[in-house]
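I have placed the structure first, in the form of structure tokens, so that the comments after it can refer back to it.
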Amino acid sequence: MTPSLKKIIQSYDPGTTLAEASTIPAPWYTDERVYDLEMQTVFARSWQMVCRVDQVSKPGQYVTTEIAGEPIVVVRGNDDLLRAFFNVCRHHAAAVMTEPEGTANQLRCPYHGWTYSLAGELKGTPDFTGVCDFDRSANSLLPVAIDVWEQWVFVRVEGNDTLESFLGADLIDQTGSLGFASLHWMERRHYAFDCNWKVFVDNYLDGGYHVPHLHKGLDSVLDYRNYMIENGERFCLQWSPMVSEGAEEQTGAVRQGDRALYYWIYPNFMINWYQGAMDTNLVVARGVDKTEVIFDFYFPDISAAARERNRLSIEVGQRIQDEDVSICKSVQRGLSSRAYNAGRLSVRREAGEHLFHRLLYGDLNASLGTT
Ligand code: FES
Ligand SMILES: [Fe+2]
């Protein structure tokens, strides 16, 4: 008999200490019902990074995306305000904007040609005379909450909290001195993982546990024994002093400075900061066992002179991802095995995962209500 969704969610005990804790149970990674519930709760109710500010810096620039299954368009208006809308035409529900990004002077639906202003107001409705009680002003695109933090635009499909309170003062303070604003975006890469999105996040949050085993190059520049894990309310900072002695050549050339900082922000956004290089990871759930991770690479100097060094830095990042692809697939397969339900956590290393699992439990369990 298939256990109920409630039973699956409540089989995790969020009340245990790290030393007593187990991971969330395997069905959380394999059951479509858990995946659907995450879409409606974890993803619909959290602030989600949708694009960089530089992608929508001029009036008419727009980006489309999907969050929690909802088509979304972000667009800067002629009044210079940034807005987000459900990218769903009020006529018969087609997506109004169909390109991933671009510039437009109005938002025109490709289906029957309805047009909306950059502020979302319905302007043009071809062949619509004679329609009774049709109030054009009541047929604007529906707005979605939007805000900006540092270089990134976030939207939230449902809920009331501000981006500031979602991120929390602690995270905003800590990162304020890192100089994100002085870094320039250079390149985006997409990575496909054959695993549930949480497998990727767990792998990220294991406090460097897998680094000496899977990432020899990265391991050679990190001081593994002094790798630190600090949980915030809804984020985890993992950081490591860096060493230059004995560094593997390729990695050592582009991973320098005295420390590496790895910020994870619940549920699916990461900022990896080194002196002279930063990348962000957006983990996009594409199905219960399919995940896309979008990497954006940033550098202080993206001029032609710095291009080669930056490219080498990106290649080092690429190698680390390639090393993670097969282990994530292997974990996903094991999670479906009858031999596995949950595992224990390392007190030294896996506090971040413990936080992640408890936050997930909070969101999923709250949404079960009394049913
Ligand atoms: S669905 Fe958009 S104009 Fe008809
Ligand atoms: Fe890894």
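Chain labels run A, B, ... following the order of the structure tokens; each chain numbers its residues from 1, and ligands are numbered from 1 in the order shown.
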With only C-alpha atoms counted and 12 Å as the cut-off, give the residues of stretch 318-365 of chain A in contact with stretch 244-252 of chain A, each with its shortest interatomic distance in Å and the pair that gives it, as a tab-separated table.
residue	atom	partner	partner_atom	distance
A:Gln318	CA	A:Thr251	CA	11.4
A:Arg319	CA	A:Thr251	CA	9.9
A:Ile320	CA	A:Thr251	CA	10.3
Site check for ligand 1: residues at most 10 Å away, only C-alpha atoms and all ligand atoms, as a ChimeraX atom specification: /A:88-97,108-115,124-126
Kindly save the residues from that selection, with all heavy atoms included, as a short mmCIF file (atom, residue, chain, number, x, y, z; two decimals), in the first residue's frame.
data_model
loop_
_atom_site.label_atom_id
_atom_site.label_comp_id
_atom_site.auth_asym_id
_atom_site.auth_seq_id
_atom_site.Cartn_x
_atom_site.Cartn_y
_atom_site.Cartn_z
N VAL A 88 0.59 35.28 -18.39
CA VAL A 88 -0.60 34.54 -18.80
C VAL A 88 -1.61 35.54 -19.34
O VAL A 88 -2.08 36.42 -18.60
CB VAL A 88 -1.21 33.78 -17.58
CG1 VAL A 88 -2.47 33.04 -18.01
CG2 VAL A 88 -0.20 32.82 -16.98
N CYS A 89 -1.93 35.43 -20.61
CA CYS A 89 -2.83 36.38 -21.24
C CYS A 89 -4.22 36.29 -20.63
O CYS A 89 -4.73 35.19 -20.37
CB CYS A 89 -2.89 36.11 -22.75
SG CYS A 89 -3.87 37.32 -23.64
N ARG A 90 -4.83 37.45 -20.40
CA ARG A 90 -6.16 37.48 -19.79
C ARG A 90 -7.24 37.03 -20.76
O ARG A 90 -8.38 36.79 -20.36
CB ARG A 90 -6.46 38.88 -19.24
CG ARG A 90 -5.52 39.37 -18.16
CD ARG A 90 -5.55 38.50 -16.90
NE ARG A 90 -6.85 38.41 -16.27
CZ ARG A 90 -7.35 39.29 -15.41
NH1 ARG A 90 -6.62 40.34 -15.05
NH2 ARG A 90 -8.53 39.12 -14.87
N HIS A 91 -6.91 36.90 -22.05
CA HIS A 91 -7.90 36.42 -23.02
C HIS A 91 -8.07 34.91 -22.90
O HIS A 91 -8.98 34.45 -22.24
CB HIS A 91 -7.49 36.85 -24.45
CG HIS A 91 -8.45 36.41 -25.50
ND1 HIS A 91 -8.02 35.87 -26.69
CD2 HIS A 91 -9.80 36.42 -25.55
CE1 HIS A 91 -9.09 35.57 -27.43
NE2 HIS A 91 -10.19 35.91 -26.76
N HIS A 92 -7.16 34.13 -23.48
CA HIS A 92 -7.31 32.68 -23.38
C HIS A 92 -6.06 32.00 -22.84
O HIS A 92 -5.74 30.87 -23.21
CB HIS A 92 -7.72 32.08 -24.73
CG HIS A 92 -9.15 32.39 -25.10
ND1 HIS A 92 -10.12 32.73 -24.19
CD2 HIS A 92 -9.77 32.44 -26.30
CE1 HIS A 92 -11.26 32.96 -24.80
NE2 HIS A 92 -11.07 32.80 -26.10
N ALA A 93 -5.32 32.74 -22.01
CA ALA A 93 -4.27 32.13 -21.17
C ALA A 93 -2.95 31.80 -21.85
O ALA A 93 -2.08 31.17 -21.23
CB ALA A 93 -4.80 30.89 -20.45
N ALA A 94 -2.76 32.20 -23.10
CA ALA A 94 -1.46 31.93 -23.72
C ALA A 94 -0.36 32.74 -23.02
O ALA A 94 -0.64 33.76 -22.40
CB ALA A 94 -1.50 32.28 -25.20
N ALA A 95 0.87 32.27 -23.16
CA ALA A 95 2.00 33.06 -22.67
C ALA A 95 2.12 34.30 -23.55
O ALA A 95 2.15 34.20 -24.77
CB ALA A 95 3.29 32.25 -22.73
N VAL A 96 2.18 35.46 -22.91
CA VAL A 96 2.23 36.71 -23.67
C VAL A 96 3.62 36.90 -24.28
O VAL A 96 3.75 37.19 -25.46
CB VAL A 96 1.86 37.91 -22.76
CG1 VAL A 96 1.99 39.22 -23.51
CG2 VAL A 96 0.44 37.73 -22.23
N MET A 97 4.64 36.73 -23.47
CA MET A 97 6.01 36.86 -23.97
C MET A 97 6.60 35.46 -24.05
O MET A 97 6.54 34.69 -23.09
CB MET A 97 6.84 37.77 -23.05
CG MET A 97 6.24 39.16 -22.84
SD MET A 97 5.83 40.01 -24.38
CE MET A 97 7.45 40.64 -24.85
N ARG A 108 3.00 41.89 -26.25
CA ARG A 108 1.98 41.51 -27.23
C ARG A 108 1.80 40.01 -27.23
O ARG A 108 2.75 39.26 -27.45
CB ARG A 108 2.41 41.99 -28.61
CG ARG A 108 1.39 41.72 -29.69
CD ARG A 108 1.82 42.35 -31.02
NE ARG A 108 0.77 42.16 -32.01
CZ ARG A 108 0.60 41.03 -32.67
NH1 ARG A 108 1.40 40.01 -32.48
NH2 ARG A 108 -0.40 40.91 -33.55
N CYS A 109 0.57 39.57 -27.01
CA CYS A 109 0.30 38.14 -27.00
C CYS A 109 0.30 37.60 -28.43
O CYS A 109 -0.37 38.16 -29.30
CB CYS A 109 -1.04 37.86 -26.32
SG CYS A 109 -1.45 36.11 -26.30
N PRO A 110 1.02 36.49 -28.68
CA PRO A 110 1.12 36.00 -30.05
C PRO A 110 -0.15 35.29 -30.54
O PRO A 110 -0.29 35.01 -31.73
CB PRO A 110 2.28 34.99 -29.97
CG PRO A 110 2.28 34.53 -28.55
CD PRO A 110 1.81 35.69 -27.73
N TYR A 111 -1.07 35.00 -29.64
CA TYR A 111 -2.21 34.17 -30.01
C TYR A 111 -3.27 34.97 -30.79
O TYR A 111 -3.55 34.68 -31.95
CB TYR A 111 -2.80 33.54 -28.74
CG TYR A 111 -3.70 32.34 -28.94
CD1 TYR A 111 -3.98 31.84 -30.21
CD2 TYR A 111 -4.26 31.70 -27.85
CE1 TYR A 111 -4.80 30.73 -30.37
CE2 TYR A 111 -5.08 30.59 -28.00
CZ TYR A 111 -5.34 30.11 -29.27
OH TYR A 111 -6.16 29.01 -29.43
N HIS A 112 -3.84 36.02 -30.17
CA HIS A 112 -4.84 36.83 -30.87
C HIS A 112 -4.49 38.31 -30.86
O HIS A 112 -5.33 39.16 -31.11
CB HIS A 112 -6.23 36.63 -30.25
CG HIS A 112 -6.60 35.20 -30.04
ND1 HIS A 112 -6.44 34.55 -28.82
CD2 HIS A 112 -7.08 34.26 -30.89
CE1 HIS A 112 -6.82 33.29 -28.93
NE2 HIS A 112 -7.21 33.08 -30.17
N GLY A 113 -3.24 38.58 -30.48
CA GLY A 113 -2.73 39.94 -30.62
C GLY A 113 -3.13 40.94 -29.55
O GLY A 113 -3.00 42.14 -29.75
N TRP A 114 -3.62 40.49 -28.43
CA TRP A 114 -3.86 41.46 -27.35
C TRP A 114 -2.53 42.07 -26.93
O TRP A 114 -1.51 41.37 -26.89
CB TRP A 114 -4.50 40.77 -26.13
CG TRP A 114 -5.98 40.50 -26.29
CD1 TRP A 114 -6.64 40.29 -27.45
CD2 TRP A 114 -6.95 40.40 -25.24
NE1 TRP A 114 -7.97 40.06 -27.22
CE2 TRP A 114 -8.18 40.12 -25.85
CE3 TRP A 114 -6.89 40.52 -23.85
CZ2 TRP A 114 -9.36 39.96 -25.12
CZ3 TRP A 114 -8.06 40.35 -23.12
CH2 TRP A 114 -9.28 40.09 -23.75
N THR A 115 -2.61 43.36 -26.62
CA THR A 115 -1.37 44.01 -26.20
C THR A 115 -1.53 44.65 -24.82
O THR A 115 -2.60 45.16 -24.47
CB THR A 115 -0.92 45.10 -27.19
OG1 THR A 115 -2.01 46.00 -27.39
CG2 THR A 115 -0.48 44.51 -28.51
N GLY A 124 -4.61 46.92 -26.19
CA GLY A 124 -5.20 46.59 -27.49
C GLY A 124 -5.91 45.26 -27.47
O GLY A 124 -5.38 44.27 -26.98
N THR A 125 -7.16 45.26 -28.00
CA THR A 125 -7.95 44.02 -28.07
C THR A 125 -8.59 43.95 -29.45
O THR A 125 -9.72 44.39 -29.65
CB THR A 125 -9.07 44.02 -27.00
OG1 THR A 125 -9.76 45.28 -27.10
CG2 THR A 125 -8.51 43.86 -25.61
N PRO A 126 -7.88 43.42 -30.46
CA PRO A 126 -8.42 43.39 -31.82
C PRO A 126 -9.78 42.68 -31.89
O PRO A 126 -9.99 41.70 -31.18
CB PRO A 126 -7.36 42.58 -32.60
CG PRO A 126 -6.13 42.61 -31.77
CD PRO A 126 -6.56 42.79 -30.35
#
Once you count only C-alpha atoms and all ligand atoms, what closest atom pair and distance in Å to one decimal does each residue of chain A within 10 Å of ligand 2 have, with rows by chain and rising residue number, as a Markdown table?
| residue | atom | partner | partner_atom_place_in_ligand_line | distance |
| --- | --- | --- | --- | --- |
| A:Phe200 | CA | ligand 2 | 1 (Fe) | 8.7 |
| A:Val201 | CA | ligand 2 | 1 (Fe) | 9.9 |
| A:Asp202 | CA | ligand 2 | 1 (Fe) | 9.8 |
| A:Asn203 | CA | ligand 2 | 1 (Fe) | 6.2 |
| A:Tyr204 | CA | ligand 2 | 1 (Fe) | 6.2 |
| A:Leu205 | CA | ligand 2 | 1 (Fe) | 9.2 |
| A:Asp206 | CA | ligand 2 | 1 (Fe) | 8.9 |
| A:Gly208 | CA | ligand 2 | 1 (Fe) | 7.9 |
| A:Tyr209 | CA | ligand 2 | 1 (Fe) | 9.1 |
| A:His210 | CA | ligand 2 | 1 (Fe) | 6.6 |
| A:Val211 | CA | ligand 2 | 1 (Fe) | 6.2 |
| A:Pro212 | CA | ligand 2 | 1 (Fe) | 9.8 |
| A:His213 | CA | ligand 2 | 1 (Fe) | 9.5 |
| A:Leu214 | CA | ligand 2 | 1 (Fe) | 6.9 |
| A:His215 | CA | ligand 2 | 1 (Fe) | 6.7 |
| A:Leu218 | CA | ligand 2 | 1 (Fe) | 9.2 |
| A:Arg319 | CA | ligand 2 | 1 (Fe) | 9.8 |
| A:Ile320 | CA | ligand 2 | 1 (Fe) | 6.2 |
| A:Gln321 | CA | ligand 2 | 1 (Fe) | 6.6 |
| A:Asp322 | CA | ligand 2 | 1 (Fe) | 8.9 |
| A:Glu323 | CA | ligand 2 | 1 (Fe) | 6.8 |
| A:Asp324 | CA | ligand 2 | 1 (Fe) | 5.0 |
| A:Val325 | CA | ligand 2 | 1 (Fe) | 8.7 |
| A:Ile327 | CA | ligand 2 | 1 (Fe) | 8.8 |
| A:Cys328 | CA | ligand 2 | 1 (Fe) | 9.2 |
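Ranking A:Phe193, A:Leu261, A:Val316, A:Arg234 by their shortest atom-to-atom distance to A:Leu222, with only C-alpha atoms included, puts A:Leu261 first.
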Tell me which of A:Ser240, A:Asn160, A:Asn226, A:Thr175 sits closest to A:Trp47, counting only C-alpha atoms.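 Smallest separation from A:Trp47 among the options: A:Asn160.
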I want to know what sits within 8 Å of stretch 333-345 of chain A, based on only C-alpha atoms, with residues of the same chain fewer than 3 positions away left out; could you give that as JSON, numbers by chain? {"A": [18, 19, 20, 21, 22, 23, 24, 25, 26, 27, 29, 30, 329, 330, 349, 350, 351, 354]}
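Counting only C-alpha atoms, the residue from A:Val254, A:Tyr266, A:Cys132, A:Gln332 that sits nearest to A:Arg311 is A:Val254.
Note that the spacing between atom CA of A:Asp173 and atom CA of A:Tyr361 amounts to 27.0 Å.
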Would you kindly return, as a PyMOL selection string, each protein, DNA or RNA residue with an atom no farther than 8 Å from any atom of stretch 286-293 of chain A, considering only C-alpha atoms and excluding same-chain residues fewer than 2 positions away? chain A and resi 29-32+35+190-197+281-284+295+332
Atoms kept (C-alpha atoms) for selection, written as a CSV table (one decimal), in the first residue's frame:
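Saved as part06.csv:
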chain,number,residue,atom,x,y,z
A,29,TYR,CA,13.3,12.6,-3.2
A,30,THR,CA,11.3,10.2,-5.4
A,31,ASP,CA,7.6,10.7,-4.8
A,32,GLU,CA,5.8,12.9,-7.3
A,35,TYR,CA,7.5,17.2,-5.6
A,190,HIS,CA,23.5,25.3,-17.6
A,191,TYR,CA,24.1,21.9,-16.0
A,192,ALA,CA,21.7,19.0,-16.1
A,193,PHE,CA,21.6,16.6,-13.2
A,194,ASP,CA,19.7,13.3,-13.1
A,195,CYS,CA,18.5,13.7,-9.6
A,196,ASN,CA,16.0,15.4,-7.4
A,197,TRP,CA,16.9,19.0,-6.7
A,281,ASN,CA,24.0,28.6,-8.6
A,282,LEU,CA,20.3,28.6,-9.1
A,283,VAL,CA,18.9,25.1,-8.6
A,284,VAL,CA,15.8,24.6,-10.8
A,295,PHE,CA,25.6,29.0,-13.0
A,332,GLN,CA,19.2,9.3,-6.8
Pairwise distance for atom CA of A:Tyr224 and atom CA of A:Tyr274, rounded to one decimal in Å: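 Spanning atom CA of A:Tyr224 to atom CA of A:Tyr274 is a straight-line distance of 15.8 Å.
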I'd like to know which of A:Gly77, A:Pro300, A:Gly276, A:Gly207 is closest to A:Ser346, using only C-alpha atoms.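 Residue with the minimum atom-to-atom distance to A:Ser346: A:Gly207.
Atom CA of A:Phe356 to atom CA of A:Arg52 spans 24.9 Å [interatomic distance, one decimal].
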Contacts of stretch 161-165 of chain A within 8 Å, only C-alpha atoms, excl. fewer than 6 positions in-chain, as a list of chain:residue names: A:Trp47, A:Asp147, A:Val148, A:Trp149, A:Phe154
From the set A:Val199, A:Asp296, A:Ala104, A:Pro3, which residue has the shortest atom-to-atom contact distance to A:Cys51, counting only C-alpha atoms?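 Counting only C-alpha atoms, the residue closest to A:Cys51 is A:Asp296.
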With distances taken over only C-alpha atoms, which of A:Asp133, A:Glu315, A:Asp54, A:Glu121 is nearest to A:Glu150?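 Distance minimum relative to A:Glu150 lands on A:Asp54.
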Residues of stretch 93-237 of chain A in alpha helix (DSSP H) according to DSSP, as a ChimeraX atom specification? /A:163-167,169-176,197-204,211-214,216-219
I'd like to know which residues of stretch 86-287 of chain A are strand (DSSP E) (by DSSP, run on the backbone); could you write them as number ranges by chain? A: 86, 101-103, 107-108, 115-116, 122-124, 143-149, 152-156, 184-193, 228-231, 235-241, 256-265, 269-275, 277-287
Polymer residues at most 8 Å from A:Thr65, only C-alpha atoms, same-chain spacing of 5 or more positions, as a list in words: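 Residues meeting the cut-off are Val50, Pro71, Ile72, Val73 and Pro100 of chain A.
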Surrounding residues of A:Pro267 excluding itself and chain neighbours under 2 positions, 8 Å, only C-alpha atoms, as number ranges by chain: A: 42-43, 46, 264-265, 269, 356
Just to be explicit: take each residue in the selection above, keep N, CA and C atoms, and write the result as an mmCIF file, in the first residue's frame.
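Saved file again-v9.cif follows:
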data_model
loop_
_atom_site.group_PDB
_atom_site.id
_atom_site.type_symbol
_atom_site.label_atom_id
_atom_site.label_comp_id
_atom_site.auth_asym_id
_atom_site.auth_seq_id
_atom_site.Cartn_x
_atom_site.Cartn_y
_atom_site.Cartn_z
ATOM 1 N N VAL A 42 7.200 25.277 -1.057
ATOM 2 C CA VAL A 42 8.600 25.723 -0.979
ATOM 3 C C VAL A 42 8.912 26.737 -2.088
ATOM 4 N N PHE A 43 8.534 26.423 -3.322
ATOM 5 C CA PHE A 43 8.910 27.298 -4.438
ATOM 6 C C PHE A 43 7.934 28.450 -4.645
ATOM 7 N N SER A 46 8.531 31.049 -1.504
ATOM 8 C CA SER A 46 9.831 31.654 -1.186
ATOM 9 C C SER A 46 10.166 32.688 -2.257
ATOM 10 N N TRP A 264 24.579 29.416 1.002
ATOM 11 C CA TRP A 264 23.343 28.813 0.485
ATOM 12 C C TRP A 264 22.169 29.565 1.105
ATOM 13 N N ILE A 265 21.237 29.960 0.255
ATOM 14 C CA ILE A 265 20.045 30.661 0.722
ATOM 15 C C ILE A 265 18.843 29.776 0.414
ATOM 16 N N PHE A 269 19.292 28.792 -3.843
ATOM 17 C CA PHE A 269 20.213 29.769 -4.448
ATOM 18 C C PHE A 269 21.527 29.755 -3.677
ATOM 19 N N PHE A 356 18.603 22.607 6.269
ATOM 20 C CA PHE A 356 17.807 22.491 5.030
ATOM 21 C C PHE A 356 16.601 21.565 5.252
#
